[in-house]
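Structure, as structure tokens:
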Amino acid sequence: MITASTWRWPTPNGLPPLPLVGGVVTLLGVLWLTAPIVEVDFVRLFGSFGKMMHFAGQMFVTPDWGYVPQLLAKMLETIEMTVLATAIAIVVSLPLGLLAASNATPHPLIYRITRDLLSLMRALPELVWALVFVSAVGLGPLPGVMALAFVTVGFMGKFFAESIEVVDHKAVEGVRAHGAGWLQVRLFAMLPQALPDFVGTVMYILDHNMRAAAILGLVGAGGIGYDLVMSMRLFQYDRLLLIALAIYLAVTALDRTSDHLRSRIIHGRHA
Amino acid sequence: MNAQPLKAALPEQLPPKPRNPMPVWIAATLAMLWLIVWDLEISFETLAYGVEDMAEYFGRYGQPDFTNLSRYLALMGITLATALWGTVFALLVAFFLAPLAARNFSPNAVAYRIARETLNFMRAMPDLLLALLFVAALGLGPMPGALALGVHTAGFLGKFFAESLERVDRGVCEGVASTGANFPQMVMYAGWPSILREALGYVLYILDRNVRMASVLGLVGAGGIGLALHDTLRLFDYGQSAALILVILATILMIDYASAWLRRRLG
């Protein structure tokens, strides 16, 4: 008798489908092979559970309130780096996005080159570029902004291009039928249609840059990251607690705002 | 006779032209950016004068030194394995948390809120911060890196999965629910099968992202190729740094193409 608690694969013979079994077995095999490389050791993992709890326990100290003004200044710097880098990236990636969209590009060759350029730009993480730029222009927020802008142009250009590629072709033809020139078609038919997508992309990039900017200080590229690493190295848990809290609050606030904005754009103005 | 009502319909004066606030917004944005540049003490003159220095600086990376290539490839292997383990860990956590964090599947409001907030918290902690914490607790090596990636991306994956689950067709849910299915059965028969393709796409995206991140986790002692790059940059060994950057770049581009190909086949 089949009861409500009967478990059965929804296939004719009740056995799991072959591709799924194959996939899972392959994955398990790869995991088993790579376990020694990653030094996965469950005994050590569970053995260190006490150590981890002890470490977490150290975080429960009285926060170093005297540090708050400096913390706020550093957080402001982090946010400023985020905003500036995003703004620069928007300005640079709009034209690049047009060149990298198959329906807006002036020539297929330019399309290919721009696409590859963008994928090269986003290939390496911000931190690697920050390391290189710090060596090139010295410590401070400037190399951080440069690294953030450089990498996010790679992402934003690609996202912009993808949203331009899916615009309705009828509107483009309509504008072209009025005798609009090359640039006018792109400005008045393609960009307005892709604008809602652009806003979503910009929010996503802002979010991404905020997280990245919070750790760029690790390599001396400005922001809160430097204080974060120093307080951890010097075991200043009273500061570490405040820094972690500040990062958490800033990221969460931005996350909520972007969720809210995105749902407003998707579901109309008053959702 | 006919012209009279038409004339009346035309107002004496036209309604005011709708205001265009765009210039105000643009001016405000520019002013804010200018303030930021001023506050961060970024000087464009230095940047302009520095272009020559920078060209000279980047010229030093001109001759990649591939003498230690086999060692670099081994390090890259560690990095890839770290990313894979991190992704699998994230997948496991998200598999259990996502149905609880999807409004239409969650058994009750309390579980929904707790699952949502857990995912938010995991997402908000930067992975490098988590890696620092895990390295401090577990010691050096790739495992703390994999754990850090796993915890951070579990937050993303869980959120993506939950959002996909919320978009599952109501008819499918009601059909399965009408057979008297309980919560795990709802999730297994109505939830995951409906979003399988989407979910695989998200997993590929996260794997892609984790490979990028894993290559820098070495900076905080979590193993892999990042540590080697950090050391060679510190020692001003441009040839070896260039070789390391090229190895990372080639691997990431390969993963990029592979995942784009897989996604096309799935989609």
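Each chain in the structure tokens gets a letter, A, B, ..., in the order shown, and its residues are numbered from 1; ligands are numbered from 1 in order too.
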When you look at Glu39 in chain A with a cut-off of 8 Å (counting only C-alpha atoms), what residues show up, excluding the ones that are within fewer than 6 positions of it in the same chain? I need them as a count of residues only. 3
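By chain and then residue number, the residues within 9 Å of Thr79 in chain B are Val38 of chain A; Ala74, Leu75, Met76, Thr82, Ala83, Leu84, Pro142, Val211, Ala214, Ser215, Leu217, Gly218, Gly223, Gly224, Ile225 and Gly226 of chain B, counting only C-alpha atoms and disregarding those fewer than 3 positions away in sequence.
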Quick one: write out the picked residues with N, CA and C atoms as a PDB file, in the first residue's frame?
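Below is the file result_8.pdb, written as the result:
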ATOM      1  N   VAL A  38      43.225  19.300  -0.127  1.00  0.00           N
ATOM      2  CA  VAL A  38      42.668  20.378   0.690  1.00  0.00           C
ATOM      3  C   VAL A  38      42.949  20.116   2.176  1.00  0.00           C
TER       4      VAL A  38
ATOM      5  N   ALA B  74      50.875  23.003  -9.376  1.00  0.00           N
ATOM      6  CA  ALA B  74      50.449  22.269  -8.176  1.00  0.00           C
ATOM      7  C   ALA B  74      49.666  23.198  -7.252  1.00  0.00           C
ATOM      8  N   LEU B  75      50.175  24.444  -7.085  1.00  0.00           N
ATOM      9  CA  LEU B  75      49.477  25.411  -6.234  1.00  0.00           C
ATOM     10  C   LEU B  75      48.098  25.731  -6.794  1.00  0.00           C
ATOM     11  N   MET B  76      48.038  25.850  -8.130  1.00  0.00           N
ATOM     12  CA  MET B  76      46.754  26.135  -8.757  1.00  0.00           C
ATOM     13  C   MET B  76      45.793  24.980  -8.510  1.00  0.00           C
ATOM     14  N   THR B  82      40.323  23.666  -3.356  1.00  0.00           N
ATOM     15  CA  THR B  82      39.720  24.458  -2.281  1.00  0.00           C
ATOM     16  C   THR B  82      38.384  25.028  -2.724  1.00  0.00           C
ATOM     17  N   ALA B  83      38.367  25.574  -3.950  1.00  0.00           N
ATOM     18  CA  ALA B  83      37.127  26.169  -4.459  1.00  0.00           C
ATOM     19  C   ALA B  83      36.042  25.106  -4.580  1.00  0.00           C
ATOM     20  N   LEU B  84      36.426  23.914  -5.054  1.00  0.00           N
ATOM     21  CA  LEU B  84      35.439  22.841  -5.226  1.00  0.00           C
ATOM     22  C   LEU B  84      34.844  22.438  -3.881  1.00  0.00           C
ATOM     23  N   PRO B 142      44.726  24.788   3.381  1.00  0.00           N
ATOM     24  CA  PRO B 142      43.591  25.090   2.500  1.00  0.00           C
ATOM     25  C   PRO B 142      42.231  24.855   3.151  1.00  0.00           C
ATOM     26  N   VAL B 211      36.501  29.995  -7.438  1.00  0.00           N
ATOM     27  CA  VAL B 211      37.844  29.816  -7.990  1.00  0.00           C
ATOM     28  C   VAL B 211      38.592  31.148  -7.945  1.00  0.00           C
ATOM     29  N   ALA B 214      39.366  31.864  -4.263  1.00  0.00           N
ATOM     30  CA  ALA B 214      40.345  30.937  -3.692  1.00  0.00           C
ATOM     31  C   ALA B 214      41.755  31.336  -4.094  1.00  0.00           C
ATOM     32  N   SER B 215      41.886  31.984  -5.264  1.00  0.00           N
ATOM     33  CA  SER B 215      43.231  32.344  -5.698  1.00  0.00           C
ATOM     34  C   SER B 215      43.778  33.537  -4.919  1.00  0.00           C
ATOM     35  N   LEU B 217      42.806  33.826  -1.440  1.00  0.00           N
ATOM     36  CA  LEU B 217      42.716  33.486  -0.018  1.00  0.00           C
ATOM     37  C   LEU B 217      44.094  33.219   0.581  1.00  0.00           C
ATOM     38  N   GLY B 218      45.052  32.830  -0.279  1.00  0.00           N
ATOM     39  CA  GLY B 218      46.403  32.585   0.203  1.00  0.00           C
ATOM     40  C   GLY B 218      46.984  33.776   0.941  1.00  0.00           C
ATOM     41  N   GLY B 223      46.437  28.898   2.170  1.00  0.00           N
ATOM     42  CA  GLY B 223      46.970  28.031   1.132  1.00  0.00           C
ATOM     43  C   GLY B 223      46.701  28.501  -0.282  1.00  0.00           C
ATOM     44  N   GLY B 224      47.206  27.707  -1.234  1.00  0.00           N
ATOM     45  CA  GLY B 224      46.931  27.979  -2.634  1.00  0.00           C
ATOM     46  C   GLY B 224      47.891  28.977  -3.252  1.00  0.00           C
ATOM     47  N   ILE B 225      47.523  29.441  -4.446  1.00  0.00           N
ATOM     48  CA  ILE B 225      48.438  30.208  -5.282  1.00  0.00           C
ATOM     49  C   ILE B 225      48.558  31.654  -4.805  1.00  0.00           C
ATOM     50  N   GLY B 226      47.573  32.144  -4.062  1.00  0.00           N
ATOM     51  CA  GLY B 226      47.593  33.529  -3.606  1.00  0.00           C
ATOM     52  C   GLY B 226      48.793  33.838  -2.728  1.00  0.00           C
TER      53      GLY B 226
END
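In this comparison, which uses only C-alpha atoms, the residue of A:Leu84, A:Val92, A:Met203, A:Leu148 approaching chain B most closely is A:Leu84.
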Neighbouring residues of Ala189 in chain A were defined as those with any atom within 12 Å, considering only C-alpha atoms; residues of the same chain fewer than 4 positions away were excluded. Please report them as a VMD selection string. chain A and resid 103 to 104 164 167 to 178 180 to 185 193 to 195
Let's have the selection written as a PDB file, in the first residue's frame, with N, CA and C atoms.
ATOM      1  N   ASN A 103      23.896  43.327 -31.000  1.00  0.00           N
ATOM      2  CA  ASN A 103      22.986  44.095 -31.845  1.00  0.00           C
ATOM      3  C   ASN A 103      23.337  45.585 -31.897  1.00  0.00           C
ATOM      4  N   ALA A 104      24.310  46.034 -31.101  1.00  0.00           N
ATOM      5  CA  ALA A 104      24.652  47.454 -31.085  1.00  0.00           C
ATOM      6  C   ALA A 104      26.071  47.715 -31.559  1.00  0.00           C
ATOM      7  N   ILE A 164      21.446  44.951 -23.203  1.00  0.00           N
ATOM      8  CA  ILE A 164      21.164  45.617 -24.479  1.00  0.00           C
ATOM      9  C   ILE A 164      20.780  44.585 -25.535  1.00  0.00           C
ATOM     10  N   VAL A 167      16.907  43.788 -25.819  1.00  0.00           N
ATOM     11  CA  VAL A 167      15.876  44.823 -25.997  1.00  0.00           C
ATOM     12  C   VAL A 167      14.980  44.441 -27.175  1.00  0.00           C
ATOM     13  N   ASP A 168      13.749  44.986 -27.126  1.00  0.00           N
ATOM     14  CA  ASP A 168      12.762  44.685 -28.155  1.00  0.00           C
ATOM     15  C   ASP A 168      13.203  45.293 -29.486  1.00  0.00           C
ATOM     16  N   HIS A 169      13.252  44.459 -30.520  1.00  0.00           N
ATOM     17  CA  HIS A 169      13.764  44.938 -31.799  1.00  0.00           C
ATOM     18  C   HIS A 169      12.794  45.896 -32.491  1.00  0.00           C
ATOM     19  N   LYS A 170      11.486  45.785 -32.152  1.00  0.00           N
ATOM     20  CA  LYS A 170      10.484  46.624 -32.821  1.00  0.00           C
ATOM     21  C   LYS A 170      10.718  48.103 -32.541  1.00  0.00           C
ATOM     22  N   ALA A 171      11.035  48.408 -31.275  1.00  0.00           N
ATOM     23  CA  ALA A 171      11.273  49.804 -30.923  1.00  0.00           C
ATOM     24  C   ALA A 171      12.483  50.332 -31.676  1.00  0.00           C
ATOM     25  N   VAL A 172      13.501  49.487 -31.815  1.00  0.00           N
ATOM     26  CA  VAL A 172      14.707  49.903 -32.540  1.00  0.00           C
ATOM     27  C   VAL A 172      14.351  50.225 -33.987  1.00  0.00           C
ATOM     28  N   GLU A 173      13.550  49.331 -34.604  1.00  0.00           N
ATOM     29  CA  GLU A 173      13.158  49.567 -35.997  1.00  0.00           C
ATOM     30  C   GLU A 173      12.306  50.824 -36.132  1.00  0.00           C
ATOM     31  N   GLY A 174      11.424  51.023 -35.135  1.00  0.00           N
ATOM     32  CA  GLY A 174      10.576  52.206 -35.152  1.00  0.00           C
ATOM     33  C   GLY A 174      11.394  53.483 -35.152  1.00  0.00           C
ATOM     34  N   VAL A 175      12.379  53.541 -34.294  1.00  0.00           N
ATOM     35  CA  VAL A 175      13.212  54.743 -34.221  1.00  0.00           C
ATOM     36  C   VAL A 175      14.035  54.888 -35.493  1.00  0.00           C
ATOM     37  N   ARG A 176      14.512  53.755 -36.010  1.00  0.00           N
ATOM     38  CA  ARG A 176      15.322  53.811 -37.231  1.00  0.00           C
ATOM     39  C   ARG A 176      14.468  54.300 -38.402  1.00  0.00           C
ATOM     40  N   ALA A 177      13.172  53.921 -38.412  1.00  0.00           N
ATOM     41  CA  ALA A 177      12.279  54.318 -39.500  1.00  0.00           C
ATOM     42  C   ALA A 177      12.084  55.823 -39.528  1.00  0.00           C
ATOM     43  N   HIS A 178      12.349  56.495 -38.407  1.00  0.00           N
ATOM     44  CA  HIS A 178      12.251  57.952 -38.372  1.00  0.00           C
ATOM     45  C   HIS A 178      13.495  58.619 -38.927  1.00  0.00           C
ATOM     46  N   ALA A 180      16.618  57.967 -37.718  1.00  0.00           N
ATOM     47  CA  ALA A 180      17.608  58.195 -36.671  1.00  0.00           C
ATOM     48  C   ALA A 180      18.958  57.651 -37.095  1.00  0.00           C
ATOM     49  N   GLY A 181      20.003  58.342 -36.679  1.00  0.00           N
ATOM     50  CA  GLY A 181      21.355  57.924 -37.016  1.00  0.00           C
ATOM     51  C   GLY A 181      21.824  56.798 -36.101  1.00  0.00           C
ATOM     52  N   TRP A 182      23.073  56.373 -36.312  1.00  0.00           N
ATOM     53  CA  TRP A 182      23.641  55.247 -35.572  1.00  0.00           C
ATOM     54  C   TRP A 182      23.567  55.496 -34.067  1.00  0.00           C
ATOM     55  N   LEU A 183      24.059  56.665 -33.657  1.00  0.00           N
ATOM     56  CA  LEU A 183      24.099  56.966 -32.231  1.00  0.00           C
ATOM     57  C   LEU A 183      22.703  57.186 -31.671  1.00  0.00           C
ATOM     58  N   GLN A 184      21.829  57.813 -32.508  1.00  0.00           N
ATOM     59  CA  GLN A 184      20.464  58.102 -32.029  1.00  0.00           C
ATOM     60  C   GLN A 184      19.697  56.813 -31.763  1.00  0.00           C
ATOM     61  N   VAL A 185      19.877  55.802 -32.636  1.00  0.00           N
ATOM     62  CA  VAL A 185      19.205  54.521 -32.409  1.00  0.00           C
ATOM     63  C   VAL A 185      19.628  53.951 -31.063  1.00  0.00           C
ATOM     64  N   GLN A 193      15.317  51.190 -23.083  1.00  0.00           N
ATOM     65  CA  GLN A 193      14.730  49.877 -22.817  1.00  0.00           C
ATOM     66  C   GLN A 193      15.570  49.081 -21.829  1.00  0.00           C
ATOM     67  N   ALA A 194      16.876  49.282 -21.886  1.00  0.00           N
ATOM     68  CA  ALA A 194      17.757  48.489 -21.024  1.00  0.00           C
ATOM     69  C   ALA A 194      17.932  49.136 -19.652  1.00  0.00           C
ATOM     70  N   LEU A 195      17.385  50.353 -19.472  1.00  0.00           N
ATOM     71  CA  LEU A 195      17.648  51.113 -18.247  1.00  0.00           C
ATOM     72  C   LEU A 195      17.265  50.379 -16.953  1.00  0.00           C
TER      73      LEU A 195
END
Can you build me a table of chain B residues sitting at most 6 Å from chain A, with the closest atom pair per residue and its distance in Å to one decimal, using only C-alpha atoms, sorted by chain and residue number, as a Markdown table?
| residue | atom | partner | partner_atom | distance |
| --- | --- | --- | --- | --- |
| B:Ile36 | CA | A:Glu80 | CA | 6.0 |
| B:Met54 | CA | A:Ala136 | CA | 5.9 |
| B:Ile78 | CA | A:Ile37 | CA | 6.0 |
| B:Ala81 | CA | A:Thr34 | CA | 5.9 |
| B:Thr82 | CA | A:Val38 | CA | 5.8 |
| B:Ala124 | CA | A:Tyr248 | CA | 5.4 |
| B:Ala137 | CA | A:Met52 | CA | 5.1 |
| B:Pro142 | CA | A:Val38 | CA | 5.1 |
| B:Met143 | CA | A:Val38 | CA | 5.5 |
| B:Arg212 | CA | A:Pro125 | CA | 6.0 |
Interatomic distance (Å, one decimal) between CA of Ser231 in chain A and CA of Pro63 in chain A: 12.4 Å
Who sits within 10 Å of Val168 in chain B, only C-alpha atoms, same chain under 5 positions skipped, as a JSON list (two decimals) with C-alpha atoms, in the first residue's frame:
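Result written to out38.json:
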[["chain", "number", "residue", "atom", "x", "y", "z"],
["B", 104, "ASN", "CA", 5.81, 29.10, -0.09],
["B", 105, "PHE", "CA", 7.62, 26.01, 1.23],
["B", 163, "GLU", "CA", 14.13, 32.96, -4.62],
["B", 173, "CYS", "CA", 2.85, 22.87, -5.36],
["B", 190, "ALA", "CA", 7.59, 19.94, -6.06],
["B", 191, "GLY", "CA", 10.57, 22.12, -5.13],
["B", 192, "TRP", "CA", 13.91, 20.85, -6.39],
["B", 193, "PRO", "CA", 12.74, 19.15, -9.61],
["B", 194, "SER", "CA", 11.10, 22.42, -10.73],
["B", 195, "ILE", "CA", 14.20, 24.54, -10.27]]
